[in-house]
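Data first, discussion second: the structure below is written as structure tokens.
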Amino acid sequence: MTKRILFIAVILFYAISNTNAQTGTWSGKLDIKGTKLSLVFNLDDEKPTMDSPDQGVKGLAAQVERGLEGKIIIKVPSLAISYEGLWQENKIVGTFNQMNVSLPLILTPGENKPNRPQTPVGPFPYATEEVSFANGNYILSGTLTLPEGYSRETPVLLMVTGSGQQNRDEELFDHKPFAVIADALARAGIATLRYDDRGFGDSSAKPMQWTTEDFKADALAGLELLRGRFDKVGVLGHSEGGTIAMMIAAEKKADFIVSLAGMAISGAETLLWQNRVTLKALGFTDEQVDAYCKLLKTAFDVRVNGGRMPNPDDYDDVPESLMQNYWAVVAQIQMPYMIHLLSLDARSILGNVTCPVLALNGSKDNQVDYDSNLSAIRKGIPANSKNHIETIESVNHLFQHCKTGQVSEYRTIEETFAPEVLEIIIKWMSDFK
């Protein structure tokens, strides 16, 4: 009897040990036809979550069930994901399921976070202040970075992020480009204000109900704050933020602007170009790409000008695999943000931009075409001896040196922001000191 009790006790201890081993952070990589996708499970007993770092997704609510002999089931209801695994020594071996796809996935303890050598680390030779400003009912919080010995004569830049809800550092895949830029500028005697987008961190926010005009209004509220402390105030915007910088300049509300990968052509043209680049990279034929983009263009035109959405069955060469994607696009372009974006075309206002402009786009940008957008800016803005418009070779949309420019590279690249681009910005801004 004593031996039997001892044997049961050993089994119970083994089960408890396995349960304890399945807490904390576990990570692994899905192999999707040769593409590696990192997943991280935070197996907290109270609020378990899943992250997809390569897609910039964090904190998806998860459900965890633990069984005897090291069995674990993890579910992420919002994405119809489930994972069933078995604890084996120092790893969990199991299967990832989503919709009708099943893939093997091995989880190991901890998370292998990429190195980010450019992220600023204190102590800093400059001061920072936490500030807030209001636009209607929205309170926006930010960080004012102040170089040593600053005064009203110190030039200052309001930093405006790209599309999507982002924090003041424009953080993506553990990269913090706005923090890197603000640090470099402060060391060069230039002040900055970077702020969290409206609705950032608020799960009840509905950003697709807002438009670029709304985000421009937020930026104007930030400029008003800066006008109270500085005499020379400008805007530095990335991607959609670059477009907002042009819009503000056209309203004569900025003394100078810096557009980083800013969109000057229409939103509809940009979305069509993005689709072409992406579909070709995925291996679709030129005929298939042309047919699908023709379908999208018609849908965009209908959304802007009115009419009936086209039926994809009427378009030859559109692959069946893209039909679901098309209907998802149709649903998206019913939202206020997308309706406004499709018709947004900065070319119509560039003639009103009389302040100095620095416009930089990367030659390997797969989100905003450098050629058509920089060409539009060159043709559209009035001549000014202080204007500087340049293509930066071999950098992507985030201004990282890269191989392909694909979004999938963003996280794997250690560099956050090309040093030579920082030097260009600092040198150009020195004229305003």
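Labels used: A, B, ... for chains in the order of the structure tokens, numbers from 1 for residues in each chain, and numbers from 1 for ligands as shown.
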Checklist entry - Which residues, written as a list in words, have at least one atom at most 10 Å from Pro109 in chain A, with only C-alpha atoms counted and residues fewer than 5 positions away on the same chain left out? => result Ala21, Gln22, Thr23, Gly24, Thr25, Trp26, Ser27, Gly28, Val40, Phe41, Asn90, Lys91 and Ile92 of chain A
Kindly save the residues from that selection, with N, CA and C atoms included, as a short mmCIF file (atom, residue, chain, number, x, y, z; two decimals), in the first residue's frame.
data_model
loop_
_atom_site.label_atom_id
_atom_site.label_comp_id
_atom_site.auth_asym_id
_atom_site.auth_seq_id
_atom_site.Cartn_x
_atom_site.Cartn_y
_atom_site.Cartn_z
N ALA A 21 5.14 24.19 -15.66
CA ALA A 21 6.09 24.43 -16.76
C ALA A 21 5.43 25.14 -17.92
N GLN A 22 4.09 25.08 -17.98
CA GLN A 22 3.37 25.68 -19.10
C GLN A 22 2.88 27.10 -18.80
N THR A 23 3.43 27.72 -17.79
CA THR A 23 3.11 29.11 -17.51
C THR A 23 4.22 29.99 -18.07
N GLY A 24 4.01 31.31 -17.99
CA GLY A 24 5.03 32.23 -18.50
C GLY A 24 4.91 32.42 -20.00
N THR A 25 6.00 32.82 -20.61
CA THR A 25 6.03 33.13 -22.04
C THR A 25 6.63 31.98 -22.83
N TRP A 26 5.94 31.60 -23.90
CA TRP A 26 6.40 30.54 -24.81
C TRP A 26 6.29 31.06 -26.24
N SER A 27 7.24 30.68 -27.07
CA SER A 27 7.23 31.17 -28.45
C SER A 27 7.67 30.10 -29.43
N GLY A 28 7.28 30.29 -30.68
CA GLY A 28 7.67 29.37 -31.74
C GLY A 28 7.44 30.01 -33.10
N VAL A 40 3.88 34.22 -30.12
CA VAL A 40 4.26 34.25 -28.71
C VAL A 40 3.00 34.09 -27.87
N PHE A 41 3.03 33.12 -26.96
CA PHE A 41 1.92 32.90 -26.04
C PHE A 41 2.34 33.28 -24.63
N ASN A 90 11.62 20.24 -22.13
CA ASN A 90 11.69 21.72 -22.08
C ASN A 90 10.98 22.38 -23.25
N LYS A 91 10.02 21.71 -23.87
CA LYS A 91 9.29 22.31 -24.98
C LYS A 91 7.88 21.76 -25.03
N ILE A 92 7.03 22.47 -25.79
CA ILE A 92 5.66 22.01 -26.03
C ILE A 92 5.54 21.68 -27.50
#
Next on the checklist: Which residues are close to Leu146 in chain A, i.e. within 12 Å by only C-alpha atoms, leaving aside same-chain residues fewer than 6 positions away? Reply as a list of chain:residue names.
Outcome noted: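 Once the nearby chain positions are removed, what remains is A:Phe124, A:Pro125, A:Tyr126, A:Ala127, A:Thr128, A:Glu129, A:Glu130, A:Arg152, A:Thr154, A:Pro155, A:Val156, A:Leu157, A:Ala182, A:Asp183, A:Ala184, A:Leu185, A:Ala186, A:Arg187, A:Ala188, A:Gly189, A:Ile190, A:Ala191, A:Thr192, A:Leu193, A:Arg194, A:Leu226, A:Arg229, A:Phe230.
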Checklist entry - If we count only C-alpha atoms, what is near Gly94 in chain A at a cut-off of 7 Å, once residues fewer than 4 positions away on the same chain are taken out, given as a ChimeraX atom specification? => result /A:83-86,104-106
Please produce a file of the residues just selected, as a PDB file, in the first residue's frame, where the atoms kept are N, CA, C and O atoms.
ATOM      1  N   TYR A  83      -4.606  25.863 -30.540  1.00  0.00           N
ATOM      2  CA  TYR A  83      -3.329  25.148 -30.505  1.00  0.00           C
ATOM      3  C   TYR A  83      -3.430  24.066 -29.443  1.00  0.00           C
ATOM      4  O   TYR A  83      -3.838  24.324 -28.307  1.00  0.00           O
ATOM      5  N   GLU A  84      -3.074  22.853 -29.832  1.00  0.00           N
ATOM      6  CA  GLU A  84      -3.094  21.733 -28.893  1.00  0.00           C
ATOM      7  C   GLU A  84      -1.712  21.112 -28.848  1.00  0.00           C
ATOM      8  O   GLU A  84      -1.159  20.720 -29.882  1.00  0.00           O
ATOM      9  N   GLY A  85      -1.140  21.094 -27.646  1.00  0.00           N
ATOM     10  CA  GLY A  85       0.223  20.599 -27.527  1.00  0.00           C
ATOM     11  C   GLY A  85       0.432  19.732 -26.306  1.00  0.00           C
ATOM     12  O   GLY A  85      -0.438  19.616 -25.435  1.00  0.00           O
ATOM     13  N   LEU A  86       1.616  19.139 -26.251  1.00  0.00           N
ATOM     14  CA  LEU A  86       1.990  18.251 -25.159  1.00  0.00           C
ATOM     15  C   LEU A  86       3.380  18.633 -24.675  1.00  0.00           C
ATOM     16  O   LEU A  86       4.310  18.778 -25.482  1.00  0.00           O
ATOM     17  N   PRO A 104       2.308  22.181 -37.871  1.00  0.00           N
ATOM     18  CA  PRO A 104       3.038  21.826 -36.653  1.00  0.00           C
ATOM     19  C   PRO A 104       3.667  23.072 -36.024  1.00  0.00           C
ATOM     20  O   PRO A 104       4.095  23.983 -36.739  1.00  0.00           O
ATOM     21  N   LEU A 105       3.695  23.110 -34.705  1.00  0.00           N
ATOM     22  CA  LEU A 105       4.281  24.258 -34.013  1.00  0.00           C
ATOM     23  C   LEU A 105       4.893  23.785 -32.699  1.00  0.00           C
ATOM     24  O   LEU A 105       4.212  23.205 -31.859  1.00  0.00           O
ATOM     25  N   ILE A 106       6.185  24.031 -32.549  1.00  0.00           N
ATOM     26  CA  ILE A 106       6.901  23.702 -31.321  1.00  0.00           C
ATOM     27  C   ILE A 106       7.162  24.989 -30.551  1.00  0.00           C
ATOM     28  O   ILE A 106       7.697  25.955 -31.104  1.00  0.00           O
TER      29      ILE A 106
END
Item to check | Met99 in chain A environment, 9 Å, only C-alpha atoms, sequence neighbours closer than 2 positions dropped, as an MDAnalysis selection string | outcome: chainID A and resid 79:81 97 101:102
Convert the current residue selection to file output with N, CA, C and O atoms, as a PDB file, in the first residue's frame.
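The file below, again_19.pdb, is the result:
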ATOM      1  N   LEU A  79      -9.615  35.210 -33.640  1.00  0.00           N
ATOM      2  CA  LEU A  79      -9.054  34.832 -34.940  1.00  0.00           C
ATOM      3  C   LEU A  79      -9.306  33.361 -35.270  1.00  0.00           C
ATOM      4  O   LEU A  79      -8.695  32.832 -36.197  1.00  0.00           O
ATOM      5  N   ALA A  80     -10.206  32.728 -34.515  1.00  0.00           N
ATOM      6  CA  ALA A  80     -10.536  31.313 -34.735  1.00  0.00           C
ATOM      7  C   ALA A  80      -9.287  30.443 -34.728  1.00  0.00           C
ATOM      8  O   ALA A  80      -9.139  29.530 -35.531  1.00  0.00           O
ATOM      9  N   ILE A  81      -8.388  30.723 -33.804  1.00  0.00           N
ATOM     10  CA  ILE A  81      -7.127  29.986 -33.676  1.00  0.00           C
ATOM     11  C   ILE A  81      -7.217  29.026 -32.496  1.00  0.00           C
ATOM     12  O   ILE A  81      -7.761  29.363 -31.437  1.00  0.00           O
ATOM     13  N   ASN A  97      -3.949  25.421 -35.405  1.00  0.00           N
ATOM     14  CA  ASN A  97      -5.092  25.325 -36.314  1.00  0.00           C
ATOM     15  C   ASN A  97      -5.752  26.686 -36.472  1.00  0.00           C
ATOM     16  O   ASN A  97      -5.976  27.404 -35.486  1.00  0.00           O
ATOM     17  N   VAL A 101      -6.667  25.239 -41.845  1.00  0.00           N
ATOM     18  CA  VAL A 101      -5.225  25.055 -41.949  1.00  0.00           C
ATOM     19  C   VAL A 101      -4.683  24.496 -40.641  1.00  0.00           C
ATOM     20  O   VAL A 101      -4.976  25.009 -39.556  1.00  0.00           O
ATOM     21  N   SER A 102      -3.882  23.435 -40.747  1.00  0.00           N
ATOM     22  CA  SER A 102      -3.218  22.845 -39.581  1.00  0.00           C
ATOM     23  C   SER A 102      -1.723  22.784 -39.849  1.00  0.00           C
ATOM     24  O   SER A 102      -1.290  22.297 -40.910  1.00  0.00           O
TER      25      SER A 102
END
Checklist entry - Counting only C-alpha atoms, which of A:Tyr195, A:Phe399, A:Phe215, A:Trp87 gets nearest to Asn167 in chain A? => result A:Tyr195
Next on the checklist: Need the shell around range 412-415 of chain A: protein/DNA/RNA residues with any atom at most 12 Å away, counting only C-alpha atoms. Skip same-chain ones fewer than 5 positions apart. Format as a ChimeraX atom specification?
Outcome noted: /A:36-38,53-55,112-119,172-177,180,395-396,398-407
Next on the checklist: What parts of range 305-409 of chain A does DSSP call strand (DSSP E or B)? I'd like the answer as JSON, numbers by chain.
Outcome noted: {"A": [357, 358, 359, 360, 361, 362, 388, 389, 390, 391, 392, 395, 401]}
Item to check | Pick from A:Pro382, A:Pro319, A:Gly241, A:Gly267 nearest to Gln166 in chain A, counting only C-alpha atoms | outcome: A:Gly241
Checklist entry - Which residues, written as a list in words, have at least one atom at most 10 Å from Lys252 in chain A, with only C-alpha atoms counted and residues fewer than 2 positions away on the same chain left out? => result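 Once the nearby chain positions are removed, what remains is Met246, Met247, Ile248, Ala249, Ala250, Ala254, Asp255, Phe256, Asn352, Val353, Thr354 and Cys355 of chain A.
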Next on the checklist: So that I can check the surroundings of range 321-329 of chain A, please list as a PyMOL selection string every protein, DNA and RNA residue that reaches within 10 Å of it, counting only C-alpha atoms and ignoring chain neighbours fewer than 6 positions away.
Outcome noted: chain A and resi 279+288+292+295-296+299-300+311-313+338
Store the residues of this selection in a file with C-alpha atoms, as an mmCIF file, in the first residue's frame.
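As a result, selection.cif now contains:
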data_model
loop_
_atom_site.group_PDB
_atom_site.id
_atom_site.type_symbol
_atom_site.label_atom_id
_atom_site.label_comp_id
_atom_site.auth_asym_id
_atom_site.auth_seq_id
_atom_site.Cartn_x
_atom_site.Cartn_y
_atom_site.Cartn_z
ATOM 1 C CA LEU A 279 0.618 40.261 -55.902
ATOM 2 C CA GLN A 288 -3.806 38.019 -63.190
ATOM 3 C CA TYR A 292 -7.463 42.076 -60.364
ATOM 4 C CA LEU A 295 -11.436 45.151 -60.829
ATOM 5 C CA LEU A 296 -10.171 47.096 -57.808
ATOM 6 C CA ALA A 299 -14.583 49.353 -57.236
ATOM 7 C CA PHE A 300 -12.613 52.391 -56.020
ATOM 8 C CA ASN A 311 -18.992 41.627 -59.964
ATOM 9 C CA PRO A 312 -15.620 39.836 -60.067
ATOM 10 C CA ASP A 313 -17.186 37.097 -62.204
ATOM 11 C CA MET A 338 -11.149 54.449 -46.537
#
Checklist entry - Taking into account only C-alpha atoms, which residue in the set A:Glu423, A:Glu89, A:Asp196, A:Glu111 is nearest to Phe178 in chain A? => result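 Among the listed residues, A:Asp196 lies closest to Phe178 in chain A.
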Next on the checklist: Given only C-alpha atoms as the basis, pick out the residue of A:Asp231, A:Glu213, A:Asp345, A:Glu171 nearest to Ala376 in chain A.
Outcome noted: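 Checking each of A:Asp231, A:Glu213, A:Asp345, A:Glu171 against Ala376 in chain A, counting only C-alpha atoms, the winner is A:Asp345.
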Checklist entry - When distances are computed from only C-alpha atoms, which of A:Val258, A:Gly351, A:Ile339, A:Ala346 shows the smallest separation from Ile424 in chain A? => result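 Among the listed residues, A:Val258 lies closest to Ile424 in chain A.
Minimum atom-to-atom distance to Phe284 in chain A, evaluated using only C-alpha atoms, belongs to A:Val318 out of A:Arg198, A:Ala268, A:Gln88, A:Val318.
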Checklist outcome for this item: Students should find that CA of Glu251 in chain A and CA of Trp428 in chain A are spaced 22.2 Å
Item to check | Two-atom distance - CA of Asn373 in chain A, CA of Met263 in chain A (Å) | outcome: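 Result for CA of Asn373 in chain A versus CA of Met263 in chain A: 6.0 Å, one decimal.
Between CA of Asp197 in chain A and CA of Glu170 in chain A the separation is 9.2 Å.
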Checklist entry - Using the chain letters and numbers from this document, which residues of range 264-327 of chain A does DSSP assign to helix (DSSP H, G or I), as a PyMOL selection string? => result chain A and resi 267-281+286-305+312-314+320-327
Requested write-out: C-alpha atoms of the selected residues, as a PDB file, in the first residue's frame:
ATOM      1  CA  GLY A 267      -5.030  57.143 -52.089  1.00  0.00           C
ATOM      2  CA  ALA A 268      -6.702  55.086 -54.804  1.00  0.00           C
ATOM      3  CA  GLU A 269      -3.553  55.133 -56.958  1.00  0.00           C
ATOM      4  CA  THR A 270      -1.427  54.193 -53.956  1.00  0.00           C
ATOM      5  CA  LEU A 271      -3.625  51.247 -52.994  1.00  0.00           C
ATOM      6  CA  LEU A 272      -3.610  49.939 -56.577  1.00  0.00           C
ATOM      7  CA  TRP A 273       0.180  50.224 -56.708  1.00  0.00           C
ATOM      8  CA  GLN A 274       0.516  48.418 -53.377  1.00  0.00           C
ATOM      9  CA  ASN A 275      -1.648  45.577 -54.666  1.00  0.00           C
ATOM     10  CA  ARG A 276       0.423  45.256 -57.842  1.00  0.00           C
ATOM     11  CA  VAL A 277       3.671  45.047 -55.899  1.00  0.00           C
ATOM     12  CA  THR A 278       2.296  42.566 -53.370  1.00  0.00           C
ATOM     13  CA  LEU A 279       0.618  40.261 -55.902  1.00  0.00           C
ATOM     14  CA  LYS A 280       3.715  40.100 -58.096  1.00  0.00           C
ATOM     15  CA  ALA A 281       5.812  39.236 -55.053  1.00  0.00           C
ATOM     16  CA  ASP A 286       1.022  39.835 -65.016  1.00  0.00           C
ATOM     17  CA  GLU A 287      -2.346  38.959 -66.570  1.00  0.00           C
ATOM     18  CA  GLN A 288      -3.806  38.019 -63.190  1.00  0.00           C
ATOM     19  CA  VAL A 289      -2.429  41.136 -61.543  1.00  0.00           C
ATOM     20  CA  ASP A 290      -3.758  43.381 -64.330  1.00  0.00           C
ATOM     21  CA  ALA A 291      -7.217  41.789 -64.137  1.00  0.00           C
ATOM     22  CA  TYR A 292      -7.463  42.076 -60.364  1.00  0.00           C
ATOM     23  CA  CYS A 293      -6.221  45.668 -60.289  1.00  0.00           C
ATOM     24  CA  LYS A 294      -8.696  46.585 -63.036  1.00  0.00           C
ATOM     25  CA  LEU A 295     -11.436  45.151 -60.829  1.00  0.00           C
ATOM     26  CA  LEU A 296     -10.171  47.096 -57.808  1.00  0.00           C
ATOM     27  CA  LYS A 297      -9.919  50.343 -59.756  1.00  0.00           C
ATOM     28  CA  THR A 298     -13.541  50.025 -60.836  1.00  0.00           C
ATOM     29  CA  ALA A 299     -14.583  49.353 -57.236  1.00  0.00           C
ATOM     30  CA  PHE A 300     -12.613  52.391 -56.020  1.00  0.00           C
ATOM     31  CA  ASP A 301     -14.179  54.612 -58.703  1.00  0.00           C
ATOM     32  CA  VAL A 302     -17.666  53.416 -57.729  1.00  0.00           C
ATOM     33  CA  ARG A 303     -16.982  54.070 -54.063  1.00  0.00           C
ATOM     34  CA  VAL A 304     -15.867  57.645 -54.788  1.00  0.00           C
ATOM     35  CA  ASN A 305     -18.295  58.585 -57.566  1.00  0.00           C
ATOM     36  CA  PRO A 312     -15.620  39.836 -60.067  1.00  0.00           C
ATOM     37  CA  ASP A 313     -17.186  37.097 -62.204  1.00  0.00           C
ATOM     38  CA  ASP A 314     -17.298  39.627 -65.052  1.00  0.00           C
ATOM     39  CA  GLU A 320     -10.383  32.323 -57.544  1.00  0.00           C
ATOM     40  CA  SER A 321      -7.921  32.730 -54.662  1.00  0.00           C
ATOM     41  CA  LEU A 322      -8.371  36.515 -54.841  1.00  0.00           C
ATOM     42  CA  MET A 323     -12.163  36.527 -54.755  1.00  0.00           C
ATOM     43  CA  GLN A 324     -12.346  36.445 -50.952  1.00  0.00           C
ATOM     44  CA  ASN A 325      -9.773  39.217 -50.777  1.00  0.00           C
ATOM     45  CA  TYR A 326     -11.839  41.339 -53.165  1.00  0.00           C
ATOM     46  CA  TRP A 327     -14.990  41.085 -51.061  1.00  0.00           C
TER      47      TRP A 327
END
